[in-house]
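Down below is the structure, laid out as structure tokens.
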Number of protein chains: 2
Amino acid sequence: MAKRTERTATKGADEFDIIARYFAPLAKDTAALGLRDDAAVLMVSEGHELVATCDTIVEGVHFLKDDPADSIGHKALAVNLSDLTAKGSRGYVYLLSLALPPDVSPAWLEGFASGLRDIQDRTGISLIGGDTTASPGPLTITIAALGLVSHDHAVMRLGAKPGDRLYVSGTIGDACLGLRLLREPGLAPSWALTKNDVAFLVEAYRRPGPNNDLAVLVRNFAQAAIDVSDGLIGDIEKLCNVSHVGARIEAARVPFSAAARKALAREPGLLPVLITAGDDYGVVMAVSERSAADFESEAGAKGAAFTLIGEVVPAGEGIAVLDGEGQALKLKRKGFSHF
Amino acid sequence: MAKRTERTATKGADEFDIIARYFAPLAKDTAALGLRDDAAVLMVSEGHELVATCDTIVEGVHFLKDDPADSIGHKALAVNLSDLTAKGSRGYVYLLSLALPPDVSPAWLEGFASGLRDIQDRTGISLIGGDTTASPGPLTITIAALGLVSHDHAVMRLGAKPGDRLYVSGTIGDACLGLRLLREPGLAPSWALTKNDVAFLVEAYRRPGPNNDLAVLVRNFAQAAIDVSDGLIGDIEKLCNVSHVGARIEAARVPFSAAARKALAREPGLLPVLITAGDDYGVVMAVSERSAADFESEAGAKGAAFTLIGEVVPAGEGIAVLDGEGQALKLKRKGFSHF
């Protein structure tokens, strides 16, 4: 693991040296002009629209100072791709802005760039430009990502209708448990977790899957969609607010990993925490009743793990999360808020 | 002036409250989806290309904590438009990412948004999305701006040829003097500056002109261009490096404001400082010898202040800055480096 403070990468270095050494190799699209310009020039192929999104991650808020450098690069890009996926859009290019504290080492920058490269290799997105600036800290990373989608095929939060089925990709709550274990390693035995369970949960926190291969399913089947970044229930509520509908979610159907199920078995009070914590970076989509069977078979054929967790209902019914007995769970909060 | 610490805007507030209250009124383009989505969907009209750029400004690095809130919004957007101008591109839309420390007040956010609105009104660019996150500080603002340019008409750093004339817009060094006066108010009398001179220079530091109206001149006349953000001489050197040419710049031709000329008269040693300090946010362009007369007359007709400051020369001659006697000035540095 690259220690941040080994040797500083930036002292005496030129912004252009840093870009040429660590980031130019990531700029494969000709639009990037080899990162030797302050702006990139892009073609948008006919019949396509552009999807634009932007997310910032801050040391101590979205990642920990001691997280491996590559995981921070991975996460910075994956959280943006998650927004594109929810629009039914494949990643195209991105701009990277780094506000670097003085103690960043060459090894850290190498590691960070390798995390970005990993996501690029898995999704086809490419760096086209950005900005590198000094900051007293904390390390702050902003990525603006652009995706392409066929004209009129972008999926919005608007569009869910009563009767639509609600599906979520992947599993929920792993990242939240991973973060808690990093902060309190002593929790592992009380949750009866093996070393492998802990490693799995920490990995879910540090390296959320980019999931951009789900974009085509979202585009072809979703009436409306949202990525799960601020908590499953809160994000469903946001989708419902924009669509002017409500939702009924069955807690027993929410997909949990084997490791999360162990923790839940020992501490059932974690359930409301896991479904509202966020950092999952999956996608929730509303699929019309008549498309649900086709969607399930197509998702199965692609090996995409989607789980039916509930149904869209009229707005008046609000957002209800039901337990195994059909009783509404009382949630202190529905999602994560920064403020 | 809005004090940052009056009352916090963010405590207990929802990210969505903040966006709805302060930023949704800035989202005039339908692509923004009223900022109620995590991504915007954009049409790029046929025959056009997209220019993408991204700049971060950090409290204490690019602006001072006590700068008026509106000037910080103004500057965050103007520095990005400056990159688009240098590509010959008009601003189209932008994404705004805010990492907000806990002491930000509602009045501060109001002021900040009004600075953005001012630039939007003057240039036609519109907010389409972004991210708002908590940070322990310092306040860090990233804008990713997208511009449009007719297919194959974007101007690059590449393309300057020996014999081309070098023109710069506006005046040079005012922002540098403004920042020095903010830090050391006692300099004003030693430079024989009036209150109005000081106000003018401080304003140049805080509210650089967006200059996006120069984009059409750049597009129609520049062989190559760059914005002046990191120091006039250093930025010309960057353009020359990409174009594989050199430059001969006549220091006596560099345009200075009346206030800067007063300071220079009292302290001639400021000359190398002003031409390498940066923060000017004008544009330098290389115009072919045969287009120079047309360019000057067109710029004159538009009331655009461009000044001929030198000539592109073969690469072997390097970057030379000549004084009034034709002697090369010795510069300790050519531009600003963050590291």
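Labels used: A, B, ... for chains in the order of the structure tokens, numbers from 1 for residues in each chain, and numbers from 1 for ligands as shown.
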Just need the residues of chain A within 7 Å of chain B, counting only C-alpha atoms, so spit them out as a ChimeraX atom specification.
/A:10-15,37-44,49-56,58,61,83,95,97,129-131,133-135,144,157,337-339
Write out as JSON, numbers by chain all residues of stretch 128-217 of chain A that backbone DSSP assigns to helix (DSSP H, G or I).
{"A": [174, 175, 176, 177, 178, 179, 180, 181, 182, 183, 187, 188, 189, 190, 195, 196, 197, 198, 199, 200, 201, 202, 203, 204, 205, 206, 212, 213, 214, 215, 216, 217]}
Please measure the separation of atom CA of A:Ala277 and atom CA of A:Ala251, giving the value in Å to one decimal.
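Computing it gives 14.4 Å between the two atoms.
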Compile the contact shell of A:Tyr167 as number ranges by chain: residues with an atom at most 9 Å away, counting only C-alpha atoms, same-chain residues fewer than 2 positions apart removed.
A: 165, 169, 283-287, 306-311
What would the file look like if the residues just selected were written as a compact mmCIF listing (two decimals), in the first residue's frame with N, CA and C atoms?
# COMPACT_ATOMS: atom_id res chain seq x y z
N ARG A 165 -42.92 -2.64 -11.16
CA ARG A 165 -42.13 -3.42 -10.22
C ARG A 165 -40.83 -2.68 -9.93
N SER A 169 -30.19 -3.72 -8.16
CA SER A 169 -29.05 -4.56 -8.57
C SER A 169 -28.14 -4.81 -7.38
N VAL A 283 -28.25 0.07 -8.82
CA VAL A 283 -29.28 0.87 -9.46
C VAL A 283 -30.65 0.29 -9.11
N VAL A 284 -31.59 1.20 -8.82
CA VAL A 284 -32.99 0.80 -8.62
C VAL A 284 -33.75 1.19 -9.87
N MET A 285 -34.57 0.26 -10.40
CA MET A 285 -35.35 0.62 -11.57
C MET A 285 -36.79 0.17 -11.45
N ALA A 286 -37.68 0.98 -12.02
CA ALA A 286 -39.10 0.65 -12.07
C ALA A 286 -39.37 0.05 -13.44
N VAL A 287 -39.91 -1.19 -13.44
CA VAL A 287 -40.18 -1.91 -14.69
C VAL A 287 -41.70 -2.14 -14.76
N PHE A 306 -30.40 -8.81 -10.43
CA PHE A 306 -31.44 -7.86 -10.03
C PHE A 306 -32.44 -8.59 -9.15
N THR A 307 -32.94 -7.91 -8.13
CA THR A 307 -33.89 -8.51 -7.21
C THR A 307 -35.15 -7.65 -7.14
N LEU A 308 -36.30 -8.32 -7.23
CA LEU A 308 -37.59 -7.62 -7.07
C LEU A 308 -37.78 -7.30 -5.59
N ILE A 309 -37.92 -6.01 -5.27
CA ILE A 309 -38.04 -5.66 -3.84
C ILE A 309 -39.35 -4.96 -3.51
N GLY A 310 -40.17 -4.65 -4.51
CA GLY A 310 -41.41 -3.97 -4.17
C GLY A 310 -42.12 -3.46 -5.39
N GLU A 311 -43.00 -2.51 -5.16
CA GLU A 311 -43.91 -2.07 -6.20
C GLU A 311 -44.15 -0.57 -6.07
Give me, as a list in words, all polymer residues having an atom no more than 9 Å from A:Ala192, counting only C-alpha atoms and skipping those fewer than 4 positions away in the same chain.
Leu187, Ala188, Lys262, Ala263 and Arg266 of chain A
Output the selection as a short mmCIF file (atom, residue, chain, number, x, y, z; two decimals), in the first residue's frame - N, CA, C and O atoms for each residue.
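As a result, out.cif now contains:
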data_model
loop_
_atom_site.label_atom_id
_atom_site.label_comp_id
_atom_site.auth_asym_id
_atom_site.auth_seq_id
_atom_site.Cartn_x
_atom_site.Cartn_y
_atom_site.Cartn_z
N LEU A 187 -15.84 -5.20 15.89
CA LEU A 187 -17.19 -5.65 15.57
C LEU A 187 -17.20 -7.01 14.89
O LEU A 187 -18.21 -7.73 14.95
N ALA A 188 -16.12 -7.38 14.23
CA ALA A 188 -16.09 -8.62 13.44
C ALA A 188 -16.49 -9.84 14.26
O ALA A 188 -17.40 -10.58 13.86
N LYS A 262 -24.98 -12.58 8.02
CA LYS A 262 -24.42 -12.99 9.33
C LYS A 262 -24.55 -11.86 10.34
O LYS A 262 -24.96 -12.07 11.48
N ALA A 263 -24.17 -10.66 9.93
CA ALA A 263 -24.24 -9.53 10.86
C ALA A 263 -25.69 -9.27 11.27
O ALA A 263 -25.98 -9.01 12.45
N ARG A 266 -26.96 -11.66 13.93
CA ARG A 266 -26.50 -11.34 15.28
C ARG A 266 -27.10 -10.03 15.78
O ARG A 266 -27.27 -9.84 16.97
#
Which of stretch 72-320 of chain A fall in strand (DSSP E or B), as a ChimeraX atom specification:
/A:90-100,126-134,140-150,165-169,224-228,245-250,282-287,306-314,319-320
Show which residues sit within 8 Å of A:Val228, as a PyMOL selection string. Count only C-alpha atoms, and ignore same-chain residues fewer than 5 positions away.
chain A and resi 235+278-284
Can you write just those residues out, N, CA and C atoms, as a CSV table (one decimal), in the first residue's frame?
chain,number,residue,atom,x,y,z
A,235,ASP,N,-33.2,6.9,-1.7
A,235,ASP,CA,-33.1,7.0,-3.2
A,235,ASP,C,-34.4,6.7,-3.9
A,278,GLY,N,-26.5,3.9,2.3
A,278,GLY,CA,-25.9,4.4,1.1
A,278,GLY,C,-24.6,3.8,0.8
A,279,ASP,N,-23.9,4.4,-0.3
A,279,ASP,CA,-22.6,3.9,-0.7
A,279,ASP,C,-22.7,2.6,-1.4
A,280,ASP,N,-23.9,2.2,-1.8
A,280,ASP,CA,-24.0,0.9,-2.5
A,280,ASP,C,-23.7,0.9,-4.0
A,281,TYR,N,-24.0,2.0,-4.6
A,281,TYR,CA,-23.8,2.2,-6.1
A,281,TYR,C,-24.3,1.1,-6.9
A,282,GLY,N,-25.5,0.6,-6.6
A,282,GLY,CA,-26.2,-0.2,-7.5
A,282,GLY,C,-27.3,0.7,-8.1
A,283,VAL,N,-28.2,0.1,-8.8
A,283,VAL,CA,-29.3,0.9,-9.5
A,283,VAL,C,-30.7,0.3,-9.1
A,284,VAL,N,-31.6,1.2,-8.8
A,284,VAL,CA,-33.0,0.8,-8.6
A,284,VAL,C,-33.8,1.2,-9.9
